[in-house]
file my_file36.cif (mmCIF, C-alpha atoms and all ligand atoms)
data_data
#
loop_
_atom_site.label_atom_id
_atom_site.label_comp_id
_atom_site.auth_asym_id
_atom_site.auth_seq_id
_atom_site.Cartn_x
_atom_site.Cartn_y
_atom_site.Cartn_z
CA MET A 14 122.50 126.08 86.95
CA GLY A 15 121.28 126.62 83.38
CA VAL A 16 117.74 125.86 82.26
CA LEU A 17 118.97 123.02 80.05
CA GLN A 18 120.64 121.13 82.91
CA GLY A 19 119.35 117.55 82.89
CA LYS A 20 116.88 118.09 80.03
CA THR A 21 116.83 115.30 77.47
CA ILE A 22 116.89 116.51 73.91
CA VAL A 23 116.52 113.92 71.19
CA LEU A 24 118.26 115.38 68.16
CA GLY A 25 117.33 113.93 64.77
CA VAL A 26 119.96 114.55 62.11
CA CYS A 27 118.93 114.05 58.48
CA GLY A 28 121.00 113.69 55.34
CA GLY A 29 121.97 117.12 54.11
CA ILE A 30 125.18 119.09 53.99
CA ALA A 31 123.90 121.10 56.98
CA ALA A 32 124.37 117.97 59.12
CA TYR A 33 127.77 119.41 60.06
CA LYS A 34 125.98 122.32 61.79
CA ALA A 35 124.14 119.79 63.96
CA ALA A 36 127.53 118.84 65.41
CA ALA A 37 128.03 122.41 66.66
CA LEU A 38 124.50 122.38 68.04
CA THR A 39 125.11 119.07 69.87
CA SER A 40 128.22 120.54 71.42
CA LYS A 41 126.42 123.69 72.61
CA LEU A 42 123.49 121.77 74.07
CA THR A 43 125.75 119.27 75.84
CA GLN A 44 127.92 122.04 77.28
CA ALA A 45 124.76 123.70 78.61
CA GLY A 46 124.00 120.54 80.61
CA ALA A 47 121.43 118.89 78.32
CA VAL A 48 121.45 115.14 77.71
CA VAL A 49 121.60 114.96 73.91
CA ARG A 50 120.56 111.65 72.33
CA VAL A 51 121.34 111.75 68.63
CA ILE A 52 119.48 109.78 65.97
CA MET A 53 120.92 109.90 62.47
CA THR A 54 119.21 108.82 59.27
CA ARG A 55 121.17 106.56 56.90
CA SER A 56 121.72 109.52 54.57
CA ALA A 57 123.03 111.69 57.41
CA VAL A 58 125.79 109.15 57.96
CA GLN A 59 126.99 109.93 54.40
CA PHE A 60 127.77 113.49 55.52
CA VAL A 61 129.06 113.20 59.09
CA ALA A 62 130.32 110.15 60.97
CA PRO A 63 128.24 108.97 63.97
CA LEU A 64 131.47 109.05 65.96
CA THR A 65 131.43 112.86 65.73
CA PHE A 66 128.05 113.02 67.49
CA GLN A 67 128.95 110.22 69.90
CA THR A 68 132.05 112.12 71.00
CA LEU A 69 130.27 115.46 71.31
CA SER A 70 127.19 114.11 73.09
CA ARG A 71 129.02 111.45 75.08
CA HIS A 72 126.23 109.02 74.20
CA HIS A 73 125.73 106.21 71.76
CA VAL A 74 124.30 107.43 68.42
CA PHE A 75 121.29 105.62 66.93
CA VAL A 76 121.06 104.87 63.22
CA ASP A 77 119.57 101.39 62.76
CA THR A 78 116.21 100.59 64.37
CA PHE A 79 117.24 96.97 64.88
CA ASP A 80 120.64 97.66 66.35
CA GLU A 81 119.38 97.26 69.93
CA LYS A 82 122.23 97.91 72.34
CA ASP A 83 120.30 97.38 75.58
CA PRO A 84 118.12 94.25 75.81
CA ALA A 85 116.17 95.81 78.67
CA VAL A 86 114.53 98.45 76.46
CA VAL A 87 113.16 99.02 72.96
CA SER A 88 115.35 101.89 71.85
CA HIS A 89 112.98 104.02 69.79
CA ILE A 90 110.29 103.85 72.48
CA ASN A 91 112.81 104.51 75.21
CA LEU A 92 114.21 107.50 73.34
CA ALA A 93 110.71 108.80 72.56
CA ASP A 94 109.68 108.52 76.22
CA SER A 95 112.86 110.06 77.61
CA ALA A 96 112.65 113.22 75.48
CA ASP A 97 111.76 116.60 76.90
CA LEU A 98 112.04 117.92 73.35
CA VAL A 99 112.59 116.27 69.99
CA LEU A 100 114.46 118.48 67.59
CA ILE A 101 115.16 117.64 63.94
CA ALA A 102 118.05 119.67 62.59
CA PRO A 103 118.61 119.59 59.71
CA ALA A 104 115.24 118.24 58.58
CA THR A 105 115.03 117.13 54.96
CA ALA A 106 111.91 117.25 52.76
CA ASN A 107 111.83 113.45 53.04
CA THR A 108 111.71 113.31 56.84
CA ILE A 109 109.17 116.17 56.95
CA GLY A 110 107.03 114.23 54.46
CA LYS A 111 107.28 111.01 56.46
CA LEU A 112 106.29 112.78 59.67
CA ALA A 113 103.31 114.43 57.97
CA LEU A 114 102.16 111.07 56.61
CA GLY A 115 102.83 109.10 59.79
CA LEU A 116 105.40 106.77 58.22
CA GLY A 117 107.92 104.94 60.36
CA ASP A 118 110.63 103.14 58.41
CA ASP A 119 113.75 104.05 60.32
CA MET A 120 114.96 104.93 63.80
CA LEU A 121 114.14 108.64 63.55
CA SER A 122 110.67 108.31 62.02
CA THR A 123 109.58 105.60 64.49
CA THR A 124 110.81 107.69 67.42
CA LEU A 125 108.91 110.70 66.06
CA LEU A 126 105.71 108.67 65.89
CA ALA A 127 106.16 107.36 69.42
CA THR A 128 107.05 110.55 71.25
CA MET A 129 104.69 112.65 73.34
CA ALA A 130 107.29 115.44 73.66
CA PRO A 131 107.09 118.66 71.62
CA ILE A 132 108.59 118.25 68.15
CA TRP A 133 110.60 121.01 66.55
CA VAL A 134 111.73 120.97 62.96
CA ALA A 135 114.56 123.02 61.48
CA PRO A 136 114.36 122.45 57.72
CA ALA A 137 117.31 122.69 55.36
CA MET A 138 117.04 122.08 51.63
CA ASN A 139 117.31 123.59 48.17
CA VAL A 140 115.21 126.72 47.65
CA HIS A 141 112.94 125.06 45.08
CA MET A 142 112.47 121.95 47.22
CA TYR A 143 111.46 124.20 50.13
CA ALA A 144 108.96 126.08 47.96
CA ASN A 145 107.55 122.88 46.43
CA PRO A 146 103.80 122.74 47.12
CA ALA A 147 104.06 119.16 48.41
CA VAL A 148 106.67 120.19 50.99
CA GLN A 149 104.70 123.32 51.92
CA THR A 150 101.52 121.27 52.37
CA ASN A 151 103.35 118.78 54.61
CA MET A 152 104.70 121.64 56.73
CA GLU A 153 101.23 123.18 57.04
CA THR A 154 99.84 119.81 58.15
CA LEU A 155 102.53 119.53 60.81
CA LEU A 156 102.00 123.12 61.94
CA ARG A 157 98.33 122.38 62.47
CA ARG A 158 99.32 119.40 64.62
CA GLY A 159 101.43 121.62 66.83
CA VAL A 160 104.88 120.92 65.39
CA ARG A 161 107.01 124.02 65.65
CA PHE A 162 109.31 125.13 62.85
CA ILE A 163 112.60 126.95 63.12
CA GLU A 164 112.67 128.65 59.81
CA PRO A 165 115.56 128.32 57.41
CA GLY A 166 117.53 131.42 56.59
CA GLU A 167 118.10 133.00 53.20
CA GLY A 168 121.47 133.09 51.55
CA GLN A 169 123.99 131.09 49.58
CA LEU A 170 122.99 127.43 49.48
CA ALA A 171 125.43 124.55 49.03
CA CYS A 172 123.67 123.60 45.77
CA GLY A 173 124.76 126.93 44.25
CA TYR A 174 121.40 128.67 44.49
CA VAL A 175 120.82 131.75 46.58
CA GLY A 176 117.51 131.74 48.49
CA LYS A 177 115.58 130.31 51.38
CA GLY A 178 116.57 126.86 52.60
CA ARG A 179 119.73 127.30 54.65
CA LEU A 180 119.54 125.70 58.09
CA ALA A 181 119.09 128.23 60.89
CA GLU A 182 122.42 128.84 62.63
CA PRO A 183 123.21 126.56 65.62
CA GLU A 184 123.30 129.66 67.90
CA GLU A 185 119.79 130.60 66.80
CA ILE A 186 118.42 127.08 67.36
CA PHE A 187 120.18 126.87 70.71
CA ALA A 188 118.68 130.21 71.81
CA ALA A 189 115.17 129.04 70.81
CA VAL A 190 115.61 125.82 72.82
CA GLU A 191 116.84 127.77 75.82
CA ARG A 192 113.87 130.16 75.62
CA HIS A 193 111.52 127.17 75.40
CA PHE A 194 112.79 125.75 78.70
CA GLN A 195 112.85 129.15 80.35
CA GLY A 196 109.21 129.61 79.38
CA GLU A 197 110.09 133.07 78.01
CA PRO A 198 110.28 134.45 81.51
CA GLY A 199 109.88 137.97 82.48
CA ARG A 200 109.76 139.76 79.14
CA LEU A 201 106.33 141.04 80.15
CA ALA A 202 106.66 140.57 83.91
CA GLY A 203 104.84 143.26 85.87
CA LYS A 204 102.86 144.33 82.78
CA HIS A 205 99.11 144.23 82.53
CA VAL A 206 98.01 143.11 79.09
CA LEU A 207 94.48 143.65 77.81
CA VAL A 208 93.51 141.44 74.88
CA THR A 209 90.24 141.41 72.94
CA ALA A 210 89.23 138.36 70.93
CA GLY A 211 86.43 136.78 68.96
CA GLY A 212 83.55 138.31 67.10
CA THR A 213 80.87 140.49 68.64
CA VAL A 214 77.20 139.55 68.62
CA GLU A 215 74.65 142.20 67.69
CA ARG A 216 71.12 141.24 68.67
CA LEU A 217 68.13 141.70 66.35
CA ASP A 218 65.61 140.09 68.68
CA PRO A 219 65.70 137.53 71.53
CA VAL A 220 66.61 134.66 69.17
CA ARG A 221 68.52 136.26 66.30
CA TYR A 222 71.76 138.15 65.93
CA LEU A 223 74.42 139.39 63.50
CA THR A 224 77.98 138.16 63.94
CA ASN A 225 81.08 137.18 61.93
CA ASP A 226 83.44 134.25 61.32
CA SER A 227 86.01 135.10 64.00
CA SER A 228 86.87 132.04 66.14
CA GLY A 229 88.87 133.94 68.75
CA LYS A 230 91.92 131.69 68.22
CA MET A 231 94.40 134.49 67.50
CA GLY A 232 93.37 136.52 70.56
CA TYR A 233 93.34 133.44 72.84
CA ALA A 234 96.81 132.46 71.58
CA ILE A 235 98.06 136.00 72.38
CA ALA A 236 96.56 135.82 75.87
CA GLU A 237 98.16 132.41 76.49
CA GLU A 238 101.60 133.50 75.29
CA ALA A 239 101.43 136.76 77.26
CA VAL A 240 100.89 134.73 80.46
CA ARG A 241 103.89 132.58 79.54
CA MET A 242 105.92 135.79 79.25
CA GLY A 243 104.96 136.80 82.77
CA ALA A 244 102.12 139.28 82.16
CA LYS A 245 98.87 139.68 84.04
CA VAL A 246 96.31 139.13 81.30
CA THR A 247 92.70 140.16 80.89
CA LEU A 248 90.87 138.75 77.90
CA VAL A 249 87.72 140.52 76.78
CA SER A 250 86.09 138.06 74.44
CA GLY A 251 82.98 137.72 72.36
CA PRO A 252 81.32 134.28 72.51
CA SER A 253 83.90 131.58 71.71
CA ALA A 254 84.06 127.81 71.97
CA LEU A 255 87.71 127.93 73.05
CA THR A 256 89.04 126.98 76.47
CA VAL A 257 90.27 129.96 78.43
CA PRO A 258 94.06 129.61 78.82
CA GLU A 259 95.32 129.04 82.35
CA GLY A 260 96.11 132.20 84.27
CA VAL A 261 94.00 134.43 82.01
CA GLN A 262 91.16 136.48 83.44
CA LEU A 263 88.19 136.26 81.09
CA VAL A 264 85.63 139.02 80.68
CA PRO A 265 82.91 137.61 78.44
CA VAL A 266 80.99 140.13 76.32
CA GLN A 267 78.40 140.04 73.56
CA SER A 268 78.01 143.27 71.61
CA ALA A 269 80.47 145.93 70.46
CA LEU A 270 78.96 148.29 73.06
CA ASP A 271 79.61 145.70 75.82
CA MET A 272 83.16 145.26 74.57
CA ARG A 273 83.72 149.03 74.53
CA GLU A 274 82.56 149.32 78.13
CA ALA A 275 84.68 146.32 79.26
CA VAL A 276 87.78 147.65 77.51
CA LEU A 277 87.53 151.35 78.40
CA SER A 278 86.90 150.60 82.08
CA ARG A 279 90.16 148.61 82.19
CA LEU A 280 92.24 150.86 79.96
CA GLY A 281 93.88 152.78 82.80
CA GLU A 282 95.42 149.68 84.37
CA SER A 283 96.77 148.26 81.07
CA GLN A 284 100.17 148.91 79.56
CA LEU A 285 99.75 146.76 76.48
CA ILE A 286 96.42 146.66 74.64
CA ILE A 287 95.92 144.20 71.79
CA LYS A 288 92.69 144.39 69.81
CA ALA A 289 92.40 141.08 67.99
CA ALA A 290 88.58 141.07 68.15
CA ALA A 291 86.47 141.31 65.03
CA VAL A 292 84.12 144.04 66.14
CA ALA A 293 80.86 144.52 64.23
CA ASP A 294 80.96 147.87 62.44
CA TYR A 295 77.16 148.20 62.63
CA ARG A 296 74.39 147.09 64.95
CA PRO A 297 70.62 146.93 64.47
CA ALA A 298 69.08 150.36 65.14
CA VAL A 299 66.36 148.71 67.20
CA VAL A 300 66.55 145.46 69.14
CA ALA A 301 63.06 143.96 69.05
CA GLU A 302 61.87 142.93 72.48
CA GLN A 303 59.88 140.02 71.06
CA LYS A 304 60.75 137.64 68.26
CA ILE A 305 60.28 139.39 64.89
CA LYS A 306 57.34 137.73 63.11
CA LYS A 307 57.30 136.79 59.44
CA LYS A 308 55.01 139.20 57.60
CA ALA A 309 55.85 141.06 54.37
CA ASP A 310 57.87 139.55 51.48
CA SER A 311 60.86 141.67 52.30
CA LEU A 312 62.31 143.02 55.50
CA THR A 313 64.71 145.91 55.72
CA LEU A 314 67.02 146.09 58.67
CA GLU A 315 68.27 149.47 59.72
CA LEU A 316 71.82 149.34 61.04
CA ILE A 317 73.65 152.08 62.86
CA LYS A 318 77.39 152.53 63.27
CA ASN A 319 79.13 151.09 66.32
CA PRO A 320 81.78 153.14 68.08
CA ASP A 321 85.30 152.28 66.94
CA ILE A 322 86.88 151.04 70.16
CA LEU A 323 90.43 150.96 68.83
CA GLN A 324 90.13 154.51 67.54
CA GLU A 325 88.95 155.66 70.99
CA ILE A 326 91.89 153.90 72.63
CA GLY A 327 94.16 155.61 70.11
CA THR A 328 92.92 159.01 71.26
CA LEU A 329 93.00 158.18 74.97
CA LYS A 330 96.31 156.34 75.20
CA THR A 331 99.19 157.74 77.18
CA LYS A 332 102.90 157.58 76.33
CA LYS A 333 103.26 154.60 78.67
CA GLN A 334 100.71 152.51 76.78
CA PHE A 335 101.38 150.41 73.72
CA VAL A 336 98.47 149.66 71.41
CA ILE A 337 98.24 146.96 68.75
CA GLY A 338 95.41 146.69 66.24
CA PHE A 339 94.51 144.07 63.66
CA ALA A 340 93.53 144.51 60.04
CA ALA A 341 91.95 141.54 58.31
CA GLU A 342 91.72 142.35 54.62
CA THR A 343 90.88 140.63 51.37
CA GLU A 344 92.77 143.08 49.10
CA ALA A 345 95.44 145.82 49.18
CA LEU A 346 96.70 144.67 52.58
CA ASP A 347 99.61 147.10 52.92
CA GLU A 348 97.56 150.20 52.13
CA HIS A 349 94.55 149.25 54.28
CA ALA A 350 96.70 148.19 57.22
CA MET A 351 98.77 151.39 57.14
CA ASP A 352 95.63 153.49 56.81
CA LYS A 353 94.08 151.83 59.89
CA LEU A 354 97.31 152.13 61.87
CA LYS A 355 97.45 155.89 61.24
CA ARG A 356 93.73 156.56 61.59
CA LYS A 357 93.48 154.65 64.88
CA ASN A 358 96.85 155.85 66.21
CA CYS A 359 98.24 152.35 66.96
CA ASP A 360 101.86 151.57 67.75
CA LEU A 361 101.71 148.40 65.67
CA ILE A 362 99.16 146.80 63.41
CA VAL A 363 98.97 143.15 62.42
CA GLY A 364 97.75 142.79 58.86
CA ASN A 365 96.50 139.55 57.42
CA ASP A 366 95.11 138.79 54.02
CA VAL A 367 92.28 136.47 54.98
CA SER A 368 91.86 135.30 51.38
CA GLN A 369 95.26 133.57 51.54
CA VAL A 370 95.54 129.83 52.30
CA GLY A 371 96.48 129.27 55.94
CA ALA A 372 95.50 132.80 57.04
CA GLY A 373 92.58 134.27 58.86
CA PHE A 374 89.50 133.05 60.64
CA GLY A 375 88.97 129.60 62.13
CA GLY A 376 92.28 127.88 61.37
CA ASP A 377 95.25 127.24 63.66
CA THR A 378 97.69 129.05 61.38
CA ASN A 379 98.09 132.58 60.16
CA VAL A 380 100.13 134.54 57.62
CA VAL A 381 100.69 138.06 58.94
CA ARG A 382 102.63 141.26 58.48
CA PHE A 383 103.55 143.66 61.29
CA TYR A 384 103.57 147.40 60.54
CA ASP A 385 104.53 150.43 62.60
CA GLN A 386 104.14 154.16 61.86
CA ASN A 387 107.06 153.92 59.38
CA GLY A 388 105.71 150.96 57.41
CA LEU A 389 106.33 147.22 57.21
CA VAL A 390 108.40 145.82 60.10
CA GLN A 391 108.17 142.06 59.53
CA ALA A 392 106.41 139.73 57.07
CA LEU A 393 105.97 136.27 58.61
CA PRO A 394 105.41 133.14 56.53
CA ILE A 395 102.63 130.70 57.48
CA GLN A 396 102.95 129.53 61.08
CA SER A 397 100.83 128.60 64.07
CA LYS A 398 98.82 131.35 65.75
CA TRP A 399 100.89 130.70 68.92
CA ASP A 400 104.12 131.40 67.05
CA VAL A 401 102.59 134.56 65.58
CA ALA A 402 101.47 135.56 69.08
CA ARG A 403 104.92 135.01 70.55
CA LYS A 404 106.65 137.01 67.82
CA LEU A 405 104.17 139.85 68.16
CA LEU A 406 104.59 139.97 71.94
CA GLU A 407 108.37 139.83 71.66
CA LEU A 408 108.31 142.78 69.27
CA ALA A 409 105.94 144.69 71.55
CA ALA A 410 108.08 143.93 74.63
CA GLU A 411 111.19 145.13 72.80
CA ARG A 412 109.50 148.36 71.65
CA MET A 413 108.03 149.02 75.10
CA ALA A 414 111.43 148.52 76.75
CA ALA A 415 113.05 150.87 74.22
CA ALA A 416 110.36 153.51 74.80
CA ALA A 417 110.77 153.21 78.59
CA GLY A 418 114.53 153.67 78.18
CA GLU A 419 114.05 156.82 76.14
CA SER A 420 111.60 158.52 78.50
N1 LIG B 501 87.88 147.80 65.78
C1 LIG B 501 87.33 148.31 66.94
N2 LIG B 501 86.06 148.77 66.96
C2 LIG B 501 85.30 148.72 65.85
C3 LIG B 501 85.83 148.21 64.64
C4 LIG B 501 87.14 147.74 64.65
O1 LIG B 501 88.02 148.36 67.96
N3 LIG B 501 84.06 149.17 65.89
C5 LIG B 501 89.29 147.35 65.79
C6 LIG B 501 89.47 145.86 65.60
O2 LIG B 501 89.49 145.19 66.84
C7 LIG B 501 90.80 145.77 64.88
C8 LIG B 501 90.86 147.05 64.09
O3 LIG B 501 89.93 147.95 64.71
O4 LIG B 501 91.88 145.78 65.78
C9 LIG B 501 90.53 146.92 62.64
O5 LIG B 501 89.26 146.34 62.49
P1 LIG B 501 88.56 146.35 61.08
O6 LIG B 501 87.17 145.81 61.22
O7 LIG B 501 89.47 145.72 60.08
O8 LIG B 501 88.54 147.93 60.80
P2 LIG B 501 87.46 148.92 60.34
O9 LIG B 501 87.92 150.27 60.79
O10 LIG B 501 86.12 148.49 60.77
O11 LIG B 501 87.60 148.89 58.76
P3 LIG B 501 86.78 148.13 57.64
O12 LIG B 501 86.23 149.23 56.81
O13 LIG B 501 87.80 147.31 56.90
O14 LIG B 501 85.73 147.31 58.32
#
call {"tool": "encode", "arguments": {"input": "my_file36.cif", "output": "structure tokens", "more": "lines below"}}
Ligand code: CTP
result
Amino acid sequence: MGVLQGKTIVLGVCGGIAAYKAAALTSKLTQAGAVVRVIMTRSAVQFVAPLTFQTLSRHHVFVDTFDEKDPAVVSHINLADSADLVLIAPATANTIGKLALGLGDDMLSTTLLATMAPIWVAPAMNVHMYANPAVQTNMETLLRRGVRFIEPGEGQLACGYVGKGRLAEPEEIFAAVERHFQGEPGRLAGKHVLVTAGGTVERLDPVRYLTNDSSGKMGYAIAEEAVRMGAKVTLVSGPSALTVPEGVQLVPVQSALDMREAVLSRLGESQLIIKAAAVADYRPAVVAEQKIKKKADSLTLELIKNPDILQEIGTLKTKKQFVIGFAAETEALDEHAMDKLKRKNCDLIVGNDVSQVGAGFGGDTNVVRFYDQNGLVQALPIQSKWDVARKLLELAAERMAAAAGES
């Protein structure tokens, strides 16, 4: 029995030419055993007849909020409650905007407001509409609230333009839905993953320390997703306010030296090592035993270099280990990232320009680029740190499987 058997998927279809692709998607989902409840916007009905979706899904199609078929229930609440997943494909700029603003003026938007199920959005629109700052801001807002996006593809658009905005193919959307219900099983089963996260704390005296802005969110998201993919996960983390994801073994540390010790002592048992931590490059040469007292007008702190943990791992790693580093930069991202990758002998490096909106420390989103020894592998647009984590782990799993096949 497939993973979609008996799952209720509420499919929102908006008014765009890509609405015809939603018919193919409905058919695939229904054939896989899912209960597909289709809601169409008034504009969608201009492109495809509700009868098409009714026939393919074998269920009544909802268009009008007030067209209540069953007096025993309020349809939009009933639909919202019954959903295991709400998927909008194609999603127009208008529906995305309404969802971001919390507006409910039709069957789809009211259902979206009422549901507690995960919401996925597969946008489709003209390339300039997609790039419009208002649309981008709405998508960022939704991303921060946990809405997941299935990105549009690039290519010939129905409006005549060539560019980004074409609805992802039904096969692609179907595969993502299937993976969601499978919980990405087994891609890292049997693997031990060692993740570092957060910023280190370098003590000056008993009440003062040097640290950085790292929140730990990227590393925690990686640890959480690695567990979902079946790995045994150890998370070596500097102080962080985040909740430790279920199934993750936490090793709390303070300084770069503590982190080095925690990581190197576990290196042998790990097949995948991901260094998302922001490690302090320097530490105070002396840690005062007592609180430093205020005396002269100026105070000079002497700092000494910390060991580079990633570089050490790069020298120690065996052929069976896969190492991923991070490079947070404010300029010349490609050059700095490639330089670090080579210098520290990583298999992959994740570069992010922390000066960009939606990237870097503290937030729930990131804008990253993956590089390997040959250069850029993938440049991802803004998305949640969990989506970045999943894509990074999928790439690592693929590369590790390929390497195992070769040896
Ligand atoms: N790193 C590490 N140990 C250190 C410093 C950095 O393991 N002492 C790791 C980080 O966890 C990250 C990668 O190296 O995966 C890059 O960190 P970054 O601070 O950007 O690199 P640096 O070599 O310190 O370069 P920069 O001059 O930009 O600070």
call {"tool": "closest_residue", "arguments": {"input": "my_file36.cif", "among": "A:Leu17, A:Leu316, A:Ala402, A:Met242", "to": "Gly46 (chain A)", "atoms": "only C-alpha atoms"}}
result
A:Leu17
call {"tool": "residues_near_ligand", "arguments": {"input": "my_file36.cif", "ligand": "ligand LIG 501 (chain B)", "cutoff": "7 Å", "atoms": "only C-alpha atoms and all ligand atoms", "output": "PDB file with C-alpha atoms, in the frame of the given file"}}
result
ATOM      1  CA  ALA A 269      80.470 145.930  70.460  1.00  0.00           C
ATOM      2  CA  LYS A 288      92.690 144.390  69.810  1.00  0.00           C
ATOM      3  CA  ALA A 289      92.400 141.080  67.990  1.00  0.00           C
ATOM      4  CA  ALA A 290      88.580 141.070  68.150  1.00  0.00           C
ATOM      5  CA  ALA A 291      86.470 141.310  65.030  1.00  0.00           C
ATOM      6  CA  VAL A 292      84.120 144.040  66.140  1.00  0.00           C
ATOM      7  CA  ALA A 293      80.860 144.520  64.230  1.00  0.00           C
ATOM      8  CA  ASP A 294      80.960 147.870  62.440  1.00  0.00           C
ATOM      9  CA  ASN A 319      79.130 151.090  66.320  1.00  0.00           C
ATOM     10  CA  PRO A 320      81.780 153.140  68.080  1.00  0.00           C
ATOM     11  CA  ASP A 321      85.300 152.280  66.940  1.00  0.00           C
ATOM     12  CA  ILE A 322      86.880 151.040  70.160  1.00  0.00           C
ATOM     13  CA  LEU A 323      90.430 150.960  68.830  1.00  0.00           C
ATOM     14  CA  GLN A 324      90.130 154.510  67.540  1.00  0.00           C
ATOM     15  CA  GLY A 338      95.410 146.690  66.240  1.00  0.00           C
ATOM     16  CA  PHE A 339      94.510 144.070  63.660  1.00  0.00           C
ATOM     17  CA  ALA A 340      93.530 144.510  60.040  1.00  0.00           C
ATOM     18  CA  ALA A 341      91.950 141.540  58.310  1.00  0.00           C
ATOM     19  CA  GLU A 342      91.720 142.350  54.620  1.00  0.00           C
ATOM     20  CA  LYS A 353      94.080 151.830  59.890  1.00  0.00           C
TER      21      LYS A 353
END
call {"tool": "residues_around", "arguments": {"input": "my_file36.cif", "residues": "region 49-65 of chain A", "least_positions_apart": "2", "cutoff": "8 Å", "atoms": "only C-alpha atoms", "output": "VMD selection string"}}
result
chain A and resid 21 to 30 32 to 33 36 39 42 to 43 47 67 to 70 72 to 77 92 119 to 121
call {"tool": "atom_distance", "arguments": {"input": "my_file36.cif", "atom1": "CA of Ala414 (chain A)", "atom2": "CA of Gly243 (chain A)"}}
result
14.7 Å
call {"tool": "axis_aligned_box", "arguments": {"input": "my_file36.cif", "around": "region 326-340 of chain A", "padding_each_side": "8 Å", "output": "lines of an AutoDock Vina configuration file"}}
result
center_x = 97.6
center_y = 151.5
center_z = 69.4
size_x = 27.4
size_y = 30.9
size_z = 34.6
call {"tool": "residues_near_point", "arguments": {"input": "my_file36.cif", "point": "(114.1, 114.9, 83.0)", "cutoff": "9 Å", "atoms": "all atoms listed in the file", "output": "ChimeraX atom specification"}}
result
/A:19-21,95-97
call {"tool": "closest_residue", "arguments": {"input": "my_file36.cif", "among": "A:Met138, A:Met129, A:Leu207, A:Ala254", "to": "Glu237 (chain A)", "atoms": "only C-alpha atoms"}}
result
A:Leu207
call {"tool": "residues_near_point", "arguments": {"input": "my_file36.cif", "point": "(89.5, 135.9, 59.9)", "cutoff": "10 Å", "atoms": "all atoms listed in the file", "output": "ChimeraX atom specification"}}
result
/A:211-212,225-231,290-291,340-343,365-368,372-376,379
call {"tool": "closest_residue", "arguments": {"input": "my_file36.cif", "among": "A:Thr123, A:Ala234, A:Val86, A:Lys333", "to": "Ala415 (chain A)", "atoms": "all atoms listed in the file"}}
result
A:Lys333
call {"tool": "closest_residue", "arguments": {"input": "my_file36.cif", "among": "A:Leu280, A:Val401, A:Val264, A:Ala189", "to": "Phe335 (chain A)", "atoms": "all atoms listed in the file"}}
result
A:Leu280
call {"tool": "residues_around", "arguments": {"input": "my_file36.cif", "residues": "Tyr384 (chain A)", "least_positions_apart": "4", "cutoff": "10 Å", "atoms": "only C-alpha atoms", "output": "list in words"}}
result
Ile337, Gly338, Asp347, Ala350, Met351, Leu354, Cys359, Asp360, Leu361, Ile362, Val363, Gly364, Gly388, Leu389, Val390, Gln391 and Ala392 of chain A
call {"tool": "write_last_selection", "arguments": {"input": "my_file36.cif", "atoms": "C-alpha atoms", "output": "compact mmCIF listing (two decimals), in the coordinates of the input"}}
result
# COMPACT_ATOMS: atom_id res chain seq x y z
CA ILE A 337 98.24 146.96 68.75
CA GLY A 338 95.41 146.69 66.24
CA ASP A 347 99.61 147.10 52.92
CA ALA A 350 96.70 148.19 57.22
CA MET A 351 98.77 151.39 57.14
CA LEU A 354 97.31 152.13 61.87
CA CYS A 359 98.24 152.35 66.96
CA ASP A 360 101.86 151.57 67.75
CA LEU A 361 101.71 148.40 65.67
CA ILE A 362 99.16 146.80 63.41
CA VAL A 363 98.97 143.15 62.42
CA GLY A 364 97.75 142.79 58.86
CA GLY A 388 105.71 150.96 57.41
CA LEU A 389 106.33 147.22 57.21
CA VAL A 390 108.40 145.82 60.10
CA GLN A 391 108.17 142.06 59.53
CA ALA A 392 106.41 139.73 57.07
call {"tool": "residues_around", "arguments": {"input": "my_file36.cif", "residues": "Arg216 (chain A)", "least_positions_apart": "3", "cutoff": "9 Å", "atoms": "all atoms listed in the file", "output": "VMD selection string"}}
result
chain A and resid 219 to 224 267 to 268 296 to 297 299 to 301
call {"tool": "atom_distance", "arguments": {"input": "my_file36.cif", "atom1": "CA of Glu238 (chain A)", "atom2": "CA of Leu406 (chain A)"}}
result
7.9 Å
call {"tool": "atom_distance", "arguments": {"input": "my_file36.cif", "atom1": "CA of Lys355 (chain A)", "atom2": "CA of Ser283 (chain A)"}}
result
21.3 Å
call {"tool": "closest_residue", "arguments": {"input": "my_file36.cif", "among": "A:Leu314, A:Leu201, A:Val257, A:Ile101", "to": "Val160 (chain A)", "atoms": "only C-alpha atoms"}}
result
A:Ile101
call {"tool": "closest_residue", "arguments": {"input": "my_file36.cif", "among": "A:Ile395, A:Leu346, A:Asp271, A:Gly168", "to": "Gly371 (chain A)", "atoms": "all atoms listed in the file"}}
result
A:Ile395
call {"tool": "closest_atom_pairs", "arguments": {"input": "my_file36.cif", "of": "region 22-112 of chain A", "to": "region 145-151 of chain A", "cutoff": "12 Å", "atoms": "all atoms listed in the file", "output": "Markdown table"}}
result
| residue | atom | partner | partner_atom | distance |
| --- | --- | --- | --- | --- |
| A:Ala104 | CA | A:Val148 | CA | 11.6 |
| A:Thr105 | CA | A:Val148 | CA | 9.7 |
| A:Ala106 | CA | A:Val148 | CA | 6.3 |
| A:Asn107 | CA | A:Val148 | CA | 8.7 |
| A:Thr108 | CA | A:Asn151 | CA | 10.2 |
| A:Ile109 | CA | A:Asn151 | CA | 6.8 |
| A:Gly110 | CA | A:Asn151 | CA | 5.9 |
| A:Lys111 | CA | A:Asn151 | CA | 8.9 |
| A:Leu112 | CA | A:Asn151 | CA | 8.4 |
